[in-house]
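Structure file upload_16.txt (compact mmCIF, C-alpha atoms) is printed below.
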```
# COMPACT_ATOMS: atom_id res chain seq x y z
CA MET A 24 -35.38 24.88 -60.32
CA ASN A 25 -39.06 25.73 -59.65
CA GLU A 26 -40.28 28.89 -57.88
CA GLN A 27 -40.40 27.19 -54.49
CA GLY A 28 -36.84 26.07 -54.81
CA ILE A 29 -35.65 29.52 -55.82
CA ARG A 30 -37.37 31.07 -52.79
CA ALA A 31 -35.86 28.41 -50.47
CA THR A 32 -32.37 29.04 -51.84
CA ALA A 33 -32.77 32.80 -51.42
CA GLY A 34 -33.98 32.20 -47.86
CA TRP A 35 -30.92 30.11 -47.05
CA ARG A 36 -28.68 32.78 -48.57
CA ARG A 37 -30.32 35.48 -46.39
CA ALA A 38 -29.92 33.29 -43.33
CA ALA A 39 -26.27 32.65 -44.16
CA ARG A 40 -25.66 36.38 -44.55
CA ALA A 41 -27.34 37.07 -41.21
CA VAL A 42 -25.23 34.43 -39.48
CA GLY A 43 -22.10 35.90 -41.05
CA VAL A 44 -22.96 39.39 -39.81
CA VAL A 45 -23.67 38.16 -36.29
CA ALA A 46 -20.44 36.11 -36.28
CA GLY A 47 -18.52 39.15 -37.37
CA VAL A 48 -20.00 41.28 -34.59
CA VAL A 49 -19.30 38.62 -31.96
CA GLN A 50 -15.72 38.14 -33.18
CA ALA A 51 -15.09 41.86 -33.09
CA HIS A 52 -16.47 42.02 -29.56
CA VAL A 53 -14.26 39.13 -28.39
CA LEU A 54 -11.15 40.58 -30.02
CA SER A 55 -11.77 43.99 -28.46
CA ALA A 56 -12.19 42.34 -25.00
CA ALA A 57 -8.76 40.59 -25.23
CA PRO A 58 -6.33 42.62 -23.12
CA ALA A 59 -3.70 44.57 -24.96
CA LYS A 60 -1.84 44.94 -21.63
CA PRO A 61 -1.98 42.84 -18.40
CA ALA A 62 -5.16 43.38 -16.39
CA THR A 63 -4.79 45.50 -13.26
CA LYS A 64 -4.87 43.58 -9.99
CA LEU A 65 -8.32 43.06 -8.54
CA VAL A 66 -8.96 44.47 -5.08
CA ASN A 67 -9.39 41.69 -2.51
CA VAL A 68 -12.59 41.96 -0.55
CA ALA A 69 -13.68 39.86 2.42
CA ASP A 70 -17.14 38.41 1.84
CA THR A 71 -19.27 39.44 4.83
CA ARG A 72 -22.72 38.80 3.34
CA ASP A 73 -23.49 35.71 5.44
CA MET A 74 -21.45 36.65 8.51
CA VAL A 75 -23.09 37.29 11.87
CA PRO A 76 -21.91 40.25 13.99
CA GLY A 77 -18.81 39.37 16.01
CA LEU A 78 -15.02 39.51 15.96
CA GLY A 79 -14.72 37.90 12.52
CA ARG A 80 -17.24 40.31 10.98
CA TRP A 81 -15.55 43.32 12.56
CA LEU A 82 -12.10 42.25 11.30
CA ALA A 83 -13.48 41.66 7.83
CA ASP A 84 -15.11 45.12 7.83
CA VAL A 85 -11.83 46.76 8.88
CA TYR A 86 -10.05 44.76 6.17
CA ASN A 87 -12.50 45.99 3.54
CA GLU A 88 -12.30 49.61 4.65
CA ASN A 89 -8.66 50.33 5.48
CA LEU A 90 -5.70 47.94 5.03
CA TRP A 91 -3.29 50.20 6.96
CA TRP A 92 -5.55 50.04 9.98
CA TYR A 93 -5.90 46.28 9.46
CA GLY A 94 -2.09 45.86 9.32
CA ALA A 95 -1.74 47.78 12.60
CA ILE A 96 -4.41 45.60 14.24
CA VAL A 97 -2.55 42.45 13.08
CA VAL A 98 0.71 43.56 14.70
CA VAL A 99 -0.88 44.83 17.93
CA THR A 100 -2.98 41.64 18.28
CA MET A 101 -0.02 39.32 17.77
CA VAL A 102 2.21 41.30 20.17
CA VAL A 103 -0.44 41.57 22.91
CA MET A 104 -1.41 37.90 22.52
CA GLY A 105 2.24 36.84 22.46
CA VAL A 106 3.02 38.65 25.71
CA GLY A 107 -0.23 37.61 27.40
CA LEU A 108 -0.04 33.96 26.38
CA GLY A 109 3.66 33.91 27.24
CA LEU A 110 2.88 34.96 30.83
CA VAL A 111 -0.03 32.51 31.13
CA VAL A 112 1.75 29.40 29.79
CA ASP A 113 4.84 30.32 31.82
CA ARG A 114 2.70 30.17 34.97
CA LEU A 115 1.07 26.90 33.87
CA VAL A 116 4.43 25.23 33.15
CA GLY A 117 5.67 26.44 36.54
CA LEU A 118 2.77 24.58 38.16
CA LEU A 119 4.25 21.33 36.76
CA GLY A 120 7.04 21.70 39.32
CA ILE A 121 9.77 22.36 36.75
CA ASP A 122 12.65 24.55 37.92
CA LEU A 123 12.46 27.50 35.52
CA GLY A 124 15.48 29.41 36.83
CA LYS A 125 18.60 30.29 34.87
CA LEU A 126 20.12 27.46 32.84
CA LYS A 127 23.65 26.12 33.07
CA HIS A 128 24.79 25.52 29.51
CA HIS A 129 25.91 21.99 28.76
CA GLU A 130 27.26 21.30 25.30
CA MET B 19 -16.14 17.90 13.05
CA ASP B 20 -18.30 20.70 11.56
CA TRP B 21 -18.51 22.24 15.03
CA PHE B 22 -14.82 23.04 14.72
CA THR B 23 -15.05 24.53 11.25
CA ILE B 24 -14.96 28.30 11.04
CA TYR B 25 -15.30 30.72 8.17
CA LEU B 26 -12.18 32.75 7.40
CA PRO B 27 -13.52 35.78 5.52
CA ILE B 28 -10.21 37.19 4.32
CA ALA B 29 -8.86 33.97 2.82
CA GLY B 30 -12.45 33.19 1.76
CA ILE B 31 -12.42 29.56 2.96
CA HIS B 32 -13.81 27.36 5.71
CA PHE B 33 -11.15 25.79 7.93
CA ASN B 34 -10.94 23.38 10.83
CA VAL B 35 -9.82 25.06 14.06
CA LEU B 36 -8.26 21.82 15.37
CA VAL B 37 -5.94 21.71 12.35
CA LEU B 38 -4.85 25.29 13.06
CA LEU B 39 -4.19 24.45 16.71
CA LEU B 40 -2.20 21.32 15.74
CA ILE B 41 -0.08 23.14 13.14
CA GLY B 42 0.58 25.95 15.59
CA PHE B 43 1.49 23.54 18.39
CA THR B 44 3.84 21.44 16.22
CA VAL B 45 5.76 24.38 14.82
CA GLY B 46 5.76 26.04 18.25
CA VAL B 47 7.58 23.05 19.75
CA CYS B 48 10.15 22.98 16.92
CA GLY B 49 10.56 26.75 16.92
CA GLY B 50 11.07 27.05 20.67
CA PHE B 51 13.57 24.19 20.64
CA PHE B 52 15.67 25.11 17.57
CA GLY B 53 15.22 28.89 17.56
CA ILE B 54 13.60 28.99 14.14
CA GLY B 55 10.42 30.49 12.74
CA GLY B 56 9.24 27.29 11.09
CA ALA B 57 7.74 28.85 7.95
CA TRP B 58 8.93 25.86 5.92
CA ILE B 59 6.58 23.67 7.99
CA VAL B 60 3.61 26.05 8.37
CA THR B 61 3.27 27.36 4.83
CA PRO B 62 3.03 23.95 3.08
CA ALA B 63 0.88 22.65 5.95
CA LEU B 64 -1.67 25.45 5.55
CA ASN B 65 -1.54 25.17 1.76
CA ILE B 66 -2.11 21.41 1.75
CA PHE B 67 -5.25 21.91 3.85
CA GLY B 68 -6.64 24.46 1.41
CA PHE B 69 -5.16 27.84 2.35
CA PRO B 70 -4.29 29.96 -0.70
CA MET B 71 -0.49 30.30 -0.76
CA PRO B 72 -0.12 34.12 -0.41
CA TYR B 73 -2.40 34.04 2.65
CA ALA B 74 -0.51 31.02 4.06
CA ILE B 75 2.77 32.98 3.92
CA GLY B 76 1.33 36.16 5.44
CA THR B 77 -0.66 34.36 8.15
CA ASP B 78 2.40 32.31 9.09
CA LEU B 79 4.58 35.42 9.44
CA ALA B 80 1.96 37.06 11.65
CA HIS B 81 1.64 34.11 14.01
CA MET B 82 5.46 33.64 13.96
CA GLY B 83 5.90 37.09 15.49
CA GLY B 84 3.56 36.29 18.36
CA LYS B 85 4.94 32.78 18.90
CA SER B 86 8.51 34.04 19.00
CA ILE B 87 7.57 36.48 21.77
CA VAL B 88 6.48 33.51 23.91
CA SER B 89 9.72 31.61 23.24
CA THR B 90 11.96 34.67 23.65
CA MET B 91 10.39 35.50 27.02
CA ARG B 92 11.06 31.97 28.30
CA HIS B 93 14.57 31.81 26.82
CA GLY B 94 15.24 35.24 28.31
CA LYS B 95 14.36 33.96 31.81
CA PHE B 96 16.66 30.99 31.20
CA GLY B 97 19.45 33.46 30.38
CA ASN B 98 19.63 32.35 26.74
CA VAL B 99 18.99 35.69 25.03
CA ASP B 100 22.04 37.84 24.39
CA LEU B 101 20.47 41.22 23.60
CA LYS B 102 23.73 42.92 22.59
CA LEU B 103 24.53 40.13 20.18
CA GLY B 104 20.95 40.01 18.86
CA VAL B 105 20.78 43.76 18.17
CA SER B 106 24.21 43.71 16.47
CA MET B 107 23.07 40.91 14.20
CA ILE B 108 19.76 42.62 13.39
CA LEU B 109 21.70 45.64 12.09
CA GLY B 110 23.63 43.37 9.72
CA THR B 111 20.61 41.22 8.81
CA THR B 112 18.48 44.22 7.79
CA VAL B 113 21.13 45.53 5.39
CA GLY B 114 21.85 41.99 4.20
CA MET B 115 18.20 41.35 3.34
CA GLU B 116 18.00 44.52 1.28
CA LEU B 117 21.18 43.55 -0.60
CA GLY B 118 19.83 40.03 -1.08
CA ALA B 119 16.56 41.36 -2.50
CA THR B 120 18.53 43.56 -4.93
CA LEU B 121 20.59 40.53 -5.99
CA VAL B 122 17.39 38.55 -6.63
CA MET B 123 16.05 41.39 -8.86
CA ALA B 124 19.31 41.37 -10.80
CA LEU B 125 19.14 37.58 -11.25
CA GLU B 126 15.50 37.93 -12.30
CA ARG B 127 16.36 40.50 -14.99
CA ALA B 128 19.07 38.16 -16.29
CA GLY B 129 16.53 35.31 -16.35
CA LEU B 130 18.62 33.27 -13.90
CA ALA B 131 16.58 33.67 -10.69
CA GLU B 132 14.61 30.41 -10.82
CA SER B 133 17.48 28.03 -11.59
CA TYR B 134 20.12 29.69 -9.38
CA ILE B 135 17.91 30.13 -6.33
CA ARG B 136 16.51 26.62 -6.54
CA THR B 137 20.01 25.13 -6.73
CA ALA B 138 21.39 27.46 -4.05
CA TYR B 139 18.61 26.46 -1.62
CA ILE B 140 19.40 22.75 -1.96
CA ILE B 141 23.17 23.34 -1.74
CA PHE B 142 22.80 25.48 1.39
CA LEU B 143 20.52 23.05 3.18
CA THR B 144 22.84 20.13 2.35
CA ALA B 145 25.94 22.08 3.43
CA ILE B 146 24.42 23.24 6.73
CA GLY B 147 23.00 19.82 7.61
CA SER B 148 26.24 18.06 6.65
CA TYR B 149 28.47 20.40 8.65
CA VAL B 150 26.31 20.20 11.77
CA LEU B 151 26.24 16.39 11.50
CA TYR B 152 30.04 16.28 10.91
CA ASP B 153 30.53 18.49 13.98
CA TYR B 154 28.39 16.14 16.07
CA ILE B 155 30.36 13.07 14.92
CA GLN B 156 33.69 14.81 15.66
CA HIS B 157 32.45 15.78 19.11
CA THR B 158 31.35 12.20 19.86
CA ARG B 159 34.78 10.89 18.80
CA ARG B 160 36.55 13.47 21.00
CA GLN B 161 34.39 12.47 23.98
CA ARG B 162 35.27 8.78 23.47
CA VAL B 163 38.99 9.65 23.35
CA LEU B 164 38.65 11.74 26.53
CA VAL B 165 36.91 8.87 28.35
CA ALA B 166 39.60 6.39 27.20
CA GLN B 167 42.49 8.76 27.97
CA PRO B 168 41.50 11.33 30.60
CA GLY B 169 43.70 14.43 30.48
CA GLY B 170 44.67 13.73 26.87
CA ALA B 171 45.51 16.33 24.20
CA ALA B 172 43.94 19.79 24.66
CA PRO B 173 41.05 20.60 22.31
CA THR B 174 42.00 22.57 19.18
CA GLU B 175 40.82 26.15 18.70
CA SER B 176 37.56 26.41 16.80
CA PHE B 177 37.01 28.66 13.77
CA ALA B 178 34.74 30.89 15.86
CA GLN B 179 37.44 31.30 18.51
CA ARG B 180 39.88 32.37 15.79
CA LEU B 181 37.35 34.93 14.51
CA GLN B 182 36.86 36.22 18.05
CA ARG B 183 40.59 36.98 18.29
CA VAL B 184 40.42 39.38 15.32
CA HIS B 185 40.80 42.79 16.94
CA ILE B 186 38.86 45.45 14.98
CA PRO B 187 37.37 48.12 17.29
CA PRO B 188 34.89 48.52 18.77
CA MET B 189 35.20 45.35 20.81
CA ILE B 190 32.11 44.13 22.66
CA HIS B 191 31.59 41.65 25.48
CA CYS B 192 28.33 39.69 25.24
CA ARG B 193 27.48 38.50 28.73
CA ALA B 194 24.89 35.81 28.06
CA SER B 195 27.01 34.05 25.41
CA GLY B 196 30.35 34.75 27.12
CA VAL B 197 31.74 35.98 23.79
CA THR B 198 34.17 38.88 23.50
CA CYS B 199 34.71 39.94 19.92
CA SER B 200 34.72 42.81 17.49
CA LEU B 201 31.26 44.33 16.91
CA TRP B 202 31.89 43.75 13.19
CA LEU B 203 31.80 39.96 13.67
CA PRO B 204 28.07 39.67 14.54
CA VAL B 205 27.25 42.51 12.11
CA LEU B 206 29.02 40.74 9.22
CA VAL B 207 27.55 37.36 10.20
CA GLY B 208 24.11 39.03 10.23
CA LEU B 209 24.82 40.68 6.87
CA THR B 210 25.84 37.36 5.28
CA THR B 211 22.91 35.41 6.70
CA GLY B 212 20.56 38.25 5.69
CA ILE B 213 21.76 38.12 2.07
CA VAL B 214 21.42 34.33 1.97
CA ALA B 215 17.95 34.45 3.57
CA ALA B 216 16.69 37.10 1.14
CA VAL B 217 18.06 35.24 -1.89
CA LEU B 218 16.53 31.96 -0.76
CA GLY B 219 13.26 33.68 0.21
CA VAL B 220 13.27 32.41 3.79
CA GLY B 221 13.22 33.92 7.26
CA GLY B 222 16.73 32.69 7.93
CA GLY B 223 16.41 31.14 11.40
CA PHE B 224 17.88 27.85 10.20
CA ILE B 225 20.89 29.77 8.80
CA ARG B 226 21.39 32.18 11.71
CA MET B 227 21.27 29.56 14.48
CA PRO B 228 24.25 27.52 13.19
CA ALA B 229 26.01 30.79 12.21
CA LEU B 230 25.78 31.97 15.83
CA ILE B 231 27.30 28.65 16.97
CA TYR B 232 30.04 28.15 14.37
CA LEU B 233 30.98 31.72 13.39
CA VAL B 234 30.33 33.73 16.58
CA GLY B 235 30.99 30.94 19.10
CA CYS B 236 27.71 31.02 21.07
CA PRO B 237 26.72 28.08 23.24
CA THR B 238 23.88 26.20 21.52
CA ALA B 239 21.11 27.26 23.92
CA VAL B 240 22.13 30.95 23.67
CA ALA B 241 22.21 30.66 19.86
CA VAL B 242 18.64 29.31 20.01
CA GLY B 243 17.38 32.10 22.32
CA THR B 244 19.17 34.93 20.55
CA ASP B 245 17.98 33.74 17.15
CA LEU B 246 14.39 33.70 18.43
CA PHE B 247 14.82 37.32 19.47
CA GLU B 248 15.65 38.13 15.83
CA VAL B 249 12.77 36.01 14.51
CA MET B 250 10.48 38.02 16.81
CA ILE B 251 11.58 41.29 15.21
CA THR B 252 11.39 40.02 11.62
CA GLY B 253 8.05 38.31 12.36
CA ALA B 254 6.53 41.57 13.63
CA TYR B 255 7.77 43.43 10.54
CA GLY B 256 6.47 40.66 8.27
CA ALA B 257 3.09 40.71 10.03
CA PHE B 258 2.70 44.42 9.33
CA THR B 259 3.87 44.39 5.74
CA TYR B 260 1.74 41.40 4.75
CA GLY B 261 -1.18 42.78 6.79
CA VAL B 262 -1.10 46.03 4.83
CA LYS B 263 -0.99 44.01 1.60
CA GLY B 264 -4.14 42.21 2.78
CA ARG B 265 -2.54 38.79 2.96
CA VAL B 266 -2.97 37.95 6.65
CA GLU B 267 -5.98 35.93 7.81
CA LEU B 268 -5.93 37.21 11.39
CA LEU B 269 -8.53 34.78 12.73
CA ALA B 270 -6.37 31.83 11.58
CA ALA B 271 -3.24 33.45 13.04
CA ILE B 272 -5.02 33.87 16.39
CA TRP B 273 -6.02 30.19 16.55
CA MET B 274 -2.55 29.07 15.47
CA LEU B 275 -1.00 31.29 18.14
CA PHE B 276 -3.02 29.57 20.87
CA GLY B 277 -1.48 26.25 19.81
CA ALA B 278 1.94 27.77 19.15
CA ALA B 279 2.12 29.43 22.57
CA ALA B 280 1.72 26.08 24.33
CA GLY B 281 4.11 24.34 21.93
CA ALA B 282 6.74 27.08 22.08
CA GLN B 283 6.79 27.02 25.87
CA LEU B 284 7.23 23.25 25.94
CA GLY B 285 9.88 23.29 23.19
CA THR B 286 11.79 26.02 25.00
CA VAL B 287 11.69 24.23 28.37
CA ALA B 288 12.88 21.02 26.65
CA VAL B 289 16.19 22.83 25.90
CA LYS B 290 16.87 22.66 29.63
CA TYR B 291 17.02 18.86 29.57
CA VAL B 292 18.97 18.32 26.35
CA ARG B 293 22.69 18.78 25.83
CA GLY B 294 23.77 21.24 23.14
CA TYR B 295 25.14 18.60 20.79
CA SER B 296 21.92 16.60 20.89
CA ILE B 297 20.06 19.75 19.82
CA ARG B 298 22.56 20.09 16.96
CA LEU B 299 22.08 16.45 15.91
CA LEU B 300 18.28 16.76 15.76
CA PHE B 301 18.71 20.09 13.94
CA ALA B 302 20.86 18.37 11.29
CA VAL B 303 18.19 15.67 10.81
CA THR B 304 15.52 18.39 10.46
CA ILE B 305 17.60 20.22 7.84
CA PHE B 306 18.10 17.04 5.79
CA ILE B 307 14.35 16.35 5.82
CA ALA B 308 13.67 19.96 4.76
CA CYS B 309 16.21 19.48 1.94
CA ALA B 310 14.45 16.31 0.79
CA SER B 311 11.12 18.19 0.84
CA VAL B 312 12.59 20.96 -1.35
CA ILE B 313 14.00 18.38 -3.80
CA PHE B 314 10.57 16.70 -4.06
CA LYS B 315 9.02 20.11 -4.74
CA GLN B 316 11.54 20.85 -7.49
CA LEU B 317 10.74 17.48 -9.06
CA GLY B 318 7.09 18.60 -9.20
CA TRP B 319 5.95 16.24 -6.42
CA GLN B 320 4.18 18.97 -4.49
CA PHE B 321 1.95 16.65 -2.46
CA VAL B 322 4.85 14.34 -1.49
CA SER B 323 6.89 17.41 -0.49
CA SER B 324 4.14 18.78 1.76
CA VAL B 325 3.39 15.41 3.36
CA THR B 326 7.12 14.86 4.02
CA ILE B 327 7.53 18.15 5.83
CA LEU B 328 4.27 17.76 7.78
CA THR B 329 5.09 14.24 8.93
CA ALA B 330 8.63 15.28 9.82
CA GLY B 331 7.32 18.24 11.85
CA VAL B 332 5.04 15.99 13.90
CA ALA B 333 7.79 13.34 14.37
CA ILE B 334 10.44 15.87 15.41
CA SER B 335 8.13 17.66 17.85
CA SER B 336 7.26 14.23 19.34
CA VAL B 337 10.98 13.54 19.92
CA ILE B 338 11.38 16.95 21.59
CA LEU B 339 8.34 16.37 23.83
CA TRP B 340 9.64 12.92 24.76
CA TRP B 341 12.96 14.51 25.81
CA LEU B 342 11.01 17.04 27.88
CA VAL B 343 8.92 14.36 29.64
CA ARG B 344 12.00 12.24 30.34
CA GLY B 345 13.91 15.26 31.64
CA VAL B 346 11.09 16.34 33.99
CA ARG B 347 10.70 12.77 35.25
CA ASP B 348 14.47 12.47 35.98
CA GLU B 349 14.53 15.89 37.65
CA ARG B 350 11.65 14.94 39.95
CA ARG B 351 13.28 11.62 40.84
CA ALA B 352 16.56 13.39 41.67
CA ARG B 353 14.71 15.95 43.83
CA ARG B 354 12.78 13.20 45.64
CA SER B 355 15.87 11.15 46.38
CA SER B 356 17.84 14.19 47.59
CA SER B 357 14.96 15.17 49.93
CA GLU B 358 14.86 11.57 51.23
CA LEU B 359 18.57 11.76 51.93
CA GLY B 360 17.96 14.96 53.87
CA PHE B 361 19.64 17.48 51.48
```
Would it be possible to restate this file's structure as structure tokens?
Amino acid sequence: MNEQGIRATAGWRRAARAVGVVAGVVQAHVLSAAPAKPATKLVNVADTRDMVPGLGRWLADVYNENLWWYGAIVVVTMVVMGVGLGLVVDRLVGLLGIDLGKLKHHE
Amino acid sequence: MDWFTIYLPIAGIHFNVLVLLLIGFTVGVCGGFFGIGGAWIVTPALNIFGFPMPYAIGTDLAHMGGKSIVSTMRHGKFGNVDLKLGVSMILGTTVGMELGATLVMALERAGLAESYIRTAYIIFLTAIGSYVLYDYIQHTRRQRVLVAQPGGAAPTESFAQRLQRVHIPPMIHCRASGVTCSLWLPVLVGLTTGIVAAVLGVGGGFIRMPALIYLVGCPTAVAVGTDLFEVMITGAYGAFTYGVKGRVELLAAIWMLFGAAAGAQLGTVAVKYVRGYSIRLLFAVTIFIACASVIFKQLGWQFVSSVTILTAGVAISSVILWWLVRGVRDERRARRSSSELGF
């Protein structure tokens, strides 16, 4: 082999060693990132970045800040809406002329 | 259609408001008519339209609480809610659900939860649907015999009537249902249905309603109203617990409740125009369709399962609304002809 060939071979060997070192570092990094135990649960966050101010934005902010408060708002909203809508639709159905008094049970 | 699309920040998706209104309305009609929560319609319906499953369950429970208030108020005015019976059953159901949850944990530790629960769900649905259908057929046969031979043999005592005669103090009289029995009867029925509901992972309305009819001896309409009272309590509890876990998309629940309120009122009023055994027949059909949907799901046909239950929900609510329209029309005709005759 002439001098040029020897230099080229040495260059390839240096490159191969460098690649091996880098591969070793990357492999070590990947292996250390693999979880030894299950990952802890991520916290759910409502994305409000593109939301305009309003009911939806306010609910999302409450959700992000305090889930206990959010849970209370869910129950109170459903109860208040249930009672309010119940009274309203009851009136509307009554306007249809249906007798809404006590039922006689017929099996 | 984009005008009706809103952003739901907690579930992190865009959703069509008209779909929420339609789902709410459909399950409201069925819920008000049968006395059930309807989670087995709502949850797959929301999921098939893109709702993540944990949020579908939590959102459904939240709206179920509000919807059941609407139905319970109307059934209460009809005289269909037996508070004493409902409270007695809630005591049993609460304990039953805790025991059921403990049983599920034990099955899970033994590695048997998946297979046992899956099989138990299908068996229960088939058994309930079959018994209700059998009862309807027997009733129809008895009616034909009575028409052919008026004043024939006296009807035999039902199983519920036999249970009512068991005298273990304290004895209670439930005015709305006309049942006098030991307090332990509704408590034990609630306990049993609570265990079954917790093991199957369901609210239990479709178990409690027939249990009230066949084990406690309630008239069908009172079983429907009283069961809705219980669904109201469990729905409110579910709304809070899932809300605190961050799994309720309140905006979606609000829109669904608008639809459900209208549907629940109509479904409840329809009870007025339908005889008890017709309610039972349609209930049996609904249970069989739910069973088919569960079987499809177990076979891995998730899409077929969801479409089956959605289509069935729309079809069944259409039948109920048709009964309502026909009943109102006949009532008006009767009123008009009696006013013409001068009564």
Residues of chain A no more than 7 Å from chain B, counting only C-alpha atoms: send them over as a short mmCIF file (atom, residue, chain, number, x, y, z; two decimals) with C-alpha atoms, in the coordinates of the input.
```cif
data_model
loop_
_atom_site.label_atom_id
_atom_site.label_comp_id
_atom_site.auth_asym_id
_atom_site.auth_seq_id
_atom_site.Cartn_x
_atom_site.Cartn_y
_atom_site.Cartn_z
CA ALA A 69 -13.68 39.86 2.42
CA ASP A 70 -17.14 38.41 1.84
CA THR A 71 -19.27 39.44 4.83
CA GLY A 79 -14.72 37.90 12.52
CA ALA A 83 -13.48 41.66 7.83
CA LEU A 90 -5.70 47.94 5.03
CA TRP A 91 -3.29 50.20 6.96
CA TYR A 93 -5.90 46.28 9.46
CA GLY A 94 -2.09 45.86 9.32
CA ALA A 95 -1.74 47.78 12.60
CA VAL A 97 -2.55 42.45 13.08
CA VAL A 98 0.71 43.56 14.70
CA MET A 101 -0.02 39.32 17.77
CA VAL A 102 2.21 41.30 20.17
CA MET A 104 -1.41 37.90 22.52
CA GLY A 105 2.24 36.84 22.46
CA VAL A 106 3.02 38.65 25.71
CA LEU A 108 -0.04 33.96 26.38
CA GLY A 109 3.66 33.91 27.24
CA VAL A 112 1.75 29.40 29.79
CA ILE A 121 9.77 22.36 36.75
CA LEU A 123 12.46 27.50 35.52
CA GLY A 124 15.48 29.41 36.83
CA LYS A 125 18.60 30.29 34.87
CA LEU A 126 20.12 27.46 32.84
CA HIS A 128 24.79 25.52 29.51
CA HIS A 129 25.91 21.99 28.76
CA GLU A 130 27.26 21.30 25.30
#
```
With 10 Å as the threshold, what does the neighbourhood of (23.3, 17.8, 7.4) contain in terms of residues, counting all atoms listed in the file? Coordinates are those of the file; answer as a ChimeraX atom specification.
/B:142-153,298-307,309
With C-alpha atoms kept, could you save the residues just selected as a PDB file, keeping the file's coordinate frame?
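Written out: part_26.pdb:
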```pdb
ATOM      1  CA  PHE B 142      22.800  25.480   1.390  1.00  0.00           C
ATOM      2  CA  LEU B 143      20.520  23.050   3.180  1.00  0.00           C
ATOM      3  CA  THR B 144      22.840  20.130   2.350  1.00  0.00           C
ATOM      4  CA  ALA B 145      25.940  22.080   3.430  1.00  0.00           C
ATOM      5  CA  ILE B 146      24.420  23.240   6.730  1.00  0.00           C
ATOM      6  CA  GLY B 147      23.000  19.820   7.610  1.00  0.00           C
ATOM      7  CA  SER B 148      26.240  18.060   6.650  1.00  0.00           C
ATOM      8  CA  TYR B 149      28.470  20.400   8.650  1.00  0.00           C
ATOM      9  CA  VAL B 150      26.310  20.200  11.770  1.00  0.00           C
ATOM     10  CA  LEU B 151      26.240  16.390  11.500  1.00  0.00           C
ATOM     11  CA  TYR B 152      30.040  16.280  10.910  1.00  0.00           C
ATOM     12  CA  ASP B 153      30.530  18.490  13.980  1.00  0.00           C
ATOM     13  CA  ARG B 298      22.560  20.090  16.960  1.00  0.00           C
ATOM     14  CA  LEU B 299      22.080  16.450  15.910  1.00  0.00           C
ATOM     15  CA  LEU B 300      18.280  16.760  15.760  1.00  0.00           C
ATOM     16  CA  PHE B 301      18.710  20.090  13.940  1.00  0.00           C
ATOM     17  CA  ALA B 302      20.860  18.370  11.290  1.00  0.00           C
ATOM     18  CA  VAL B 303      18.190  15.670  10.810  1.00  0.00           C
ATOM     19  CA  THR B 304      15.520  18.390  10.460  1.00  0.00           C
ATOM     20  CA  ILE B 305      17.600  20.220   7.840  1.00  0.00           C
ATOM     21  CA  PHE B 306      18.100  17.040   5.790  1.00  0.00           C
ATOM     22  CA  ILE B 307      14.350  16.350   5.820  1.00  0.00           C
ATOM     23  CA  CYS B 309      16.210  19.480   1.940  1.00  0.00           C
TER      24      CYS B 309
END
```
Would you compute the distance between atom CA of Ile141 of chain B and atom CA of Ile213 of chain B? Give it in Å to one decimal.
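Rounded to one decimal, the two atoms are 15.3 Å apart.
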Find the distance between atom CA of Thr137 of chain B and atom CA of Val205 of chain B and write it in Å to one decimal.
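Value for the atom CA of Thr137 of chain B-atom CA of Val205 of chain B distance: 26.6 Å.
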So, counting all atoms listed in the file, which residue among B:Gln182, B:Thr111, B:Gln156, B:Thr286 is closest to Ile225 of chain B?
->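 Of B:Gln182, B:Thr111, B:Gln156, B:Thr286, the one nearest Ile225 of chain B, counting all atoms listed in the file, is B:Thr111.
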One decimal place gives the atom CA of Leu230 of chain B-atom CA of Arg183 of chain B separation as 15.8 Å
task = Would you please work out which residue, of B:Ile313, B:Leu36, B:Val165, B:Ile327, is nearest to Ala57 of chain B when using all atoms listed in the file?
result =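 Among the listed residues, B:Ile327 lies closest to Ala57 of chain B.
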Find the residue from B:Phe69, B:Tyr232, B:Phe314, B:Phe51 that sits nearest to Leu38 of chain B; use all atoms listed in the file when measuring.
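Going through B:Phe69, B:Tyr232, B:Phe314, B:Phe51 one by one, the smallest distance to Leu38 of chain B is for B:Phe69.
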message: Applying 8 Å and only C-alpha atoms, which residues near Ala74 of chain B remain after dropping the ones on its own chain fewer than 5 positions away? List them as a list in words.
response: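 The residues that qualify are Val60, Thr61, Pro62, Leu64, Asn65, Phe69 and Val266 of chain B.
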Dump of C-alpha atoms for the selected residues, as a compact mmCIF listing (two decimals), keeping the file's coordinate frame:
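What ended up in selection-v8.txt:
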```
# COMPACT_ATOMS: atom_id res chain seq x y z
CA VAL B 60 3.61 26.05 8.37
CA THR B 61 3.27 27.36 4.83
CA PRO B 62 3.03 23.95 3.08
CA LEU B 64 -1.67 25.45 5.55
CA ASN B 65 -1.54 25.17 1.76
CA PHE B 69 -5.16 27.84 2.35
CA VAL B 266 -2.97 37.95 6.65
```
**Report entry** Best match for closeness to Ala124 of chain B among B:Val217, B:Leu79, B:Thr244, B:Thr211, counting all atoms listed in the file
**Finding:**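 Looking only at the distances to Ala124 of chain B, the closest residue turns out to be B:Val217.
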At a cut-off of 9 Å, using only C-alpha atoms, what residues contact Gly104 of chain B? Leave out same-chain residues fewer than 3 positions from it and give the result as an mmCIF file with C-alpha atoms, in the coordinates of the input.
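The resulting file, result30.cif, is shown below:
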```cif
data_model
loop_
_atom_site.group_PDB
_atom_site.id
_atom_site.type_symbol
_atom_site.label_atom_id
_atom_site.label_comp_id
_atom_site.auth_asym_id
_atom_site.auth_seq_id
_atom_site.Cartn_x
_atom_site.Cartn_y
_atom_site.Cartn_z
ATOM 1 C CA VAL B 99 18.990 35.690 25.030
ATOM 2 C CA ASP B 100 22.040 37.840 24.390
ATOM 3 C CA LEU B 101 20.470 41.220 23.600
ATOM 4 C CA MET B 107 23.070 40.910 14.200
ATOM 5 C CA ILE B 108 19.760 42.620 13.390
ATOM 6 C CA LEU B 109 21.700 45.640 12.090
ATOM 7 C CA PRO B 204 28.070 39.670 14.540
ATOM 8 C CA THR B 244 19.170 34.930 20.550
ATOM 9 C CA ASP B 245 17.980 33.740 17.150
ATOM 10 C CA PHE B 247 14.820 37.320 19.470
ATOM 11 C CA GLU B 248 15.650 38.130 15.830
#
```
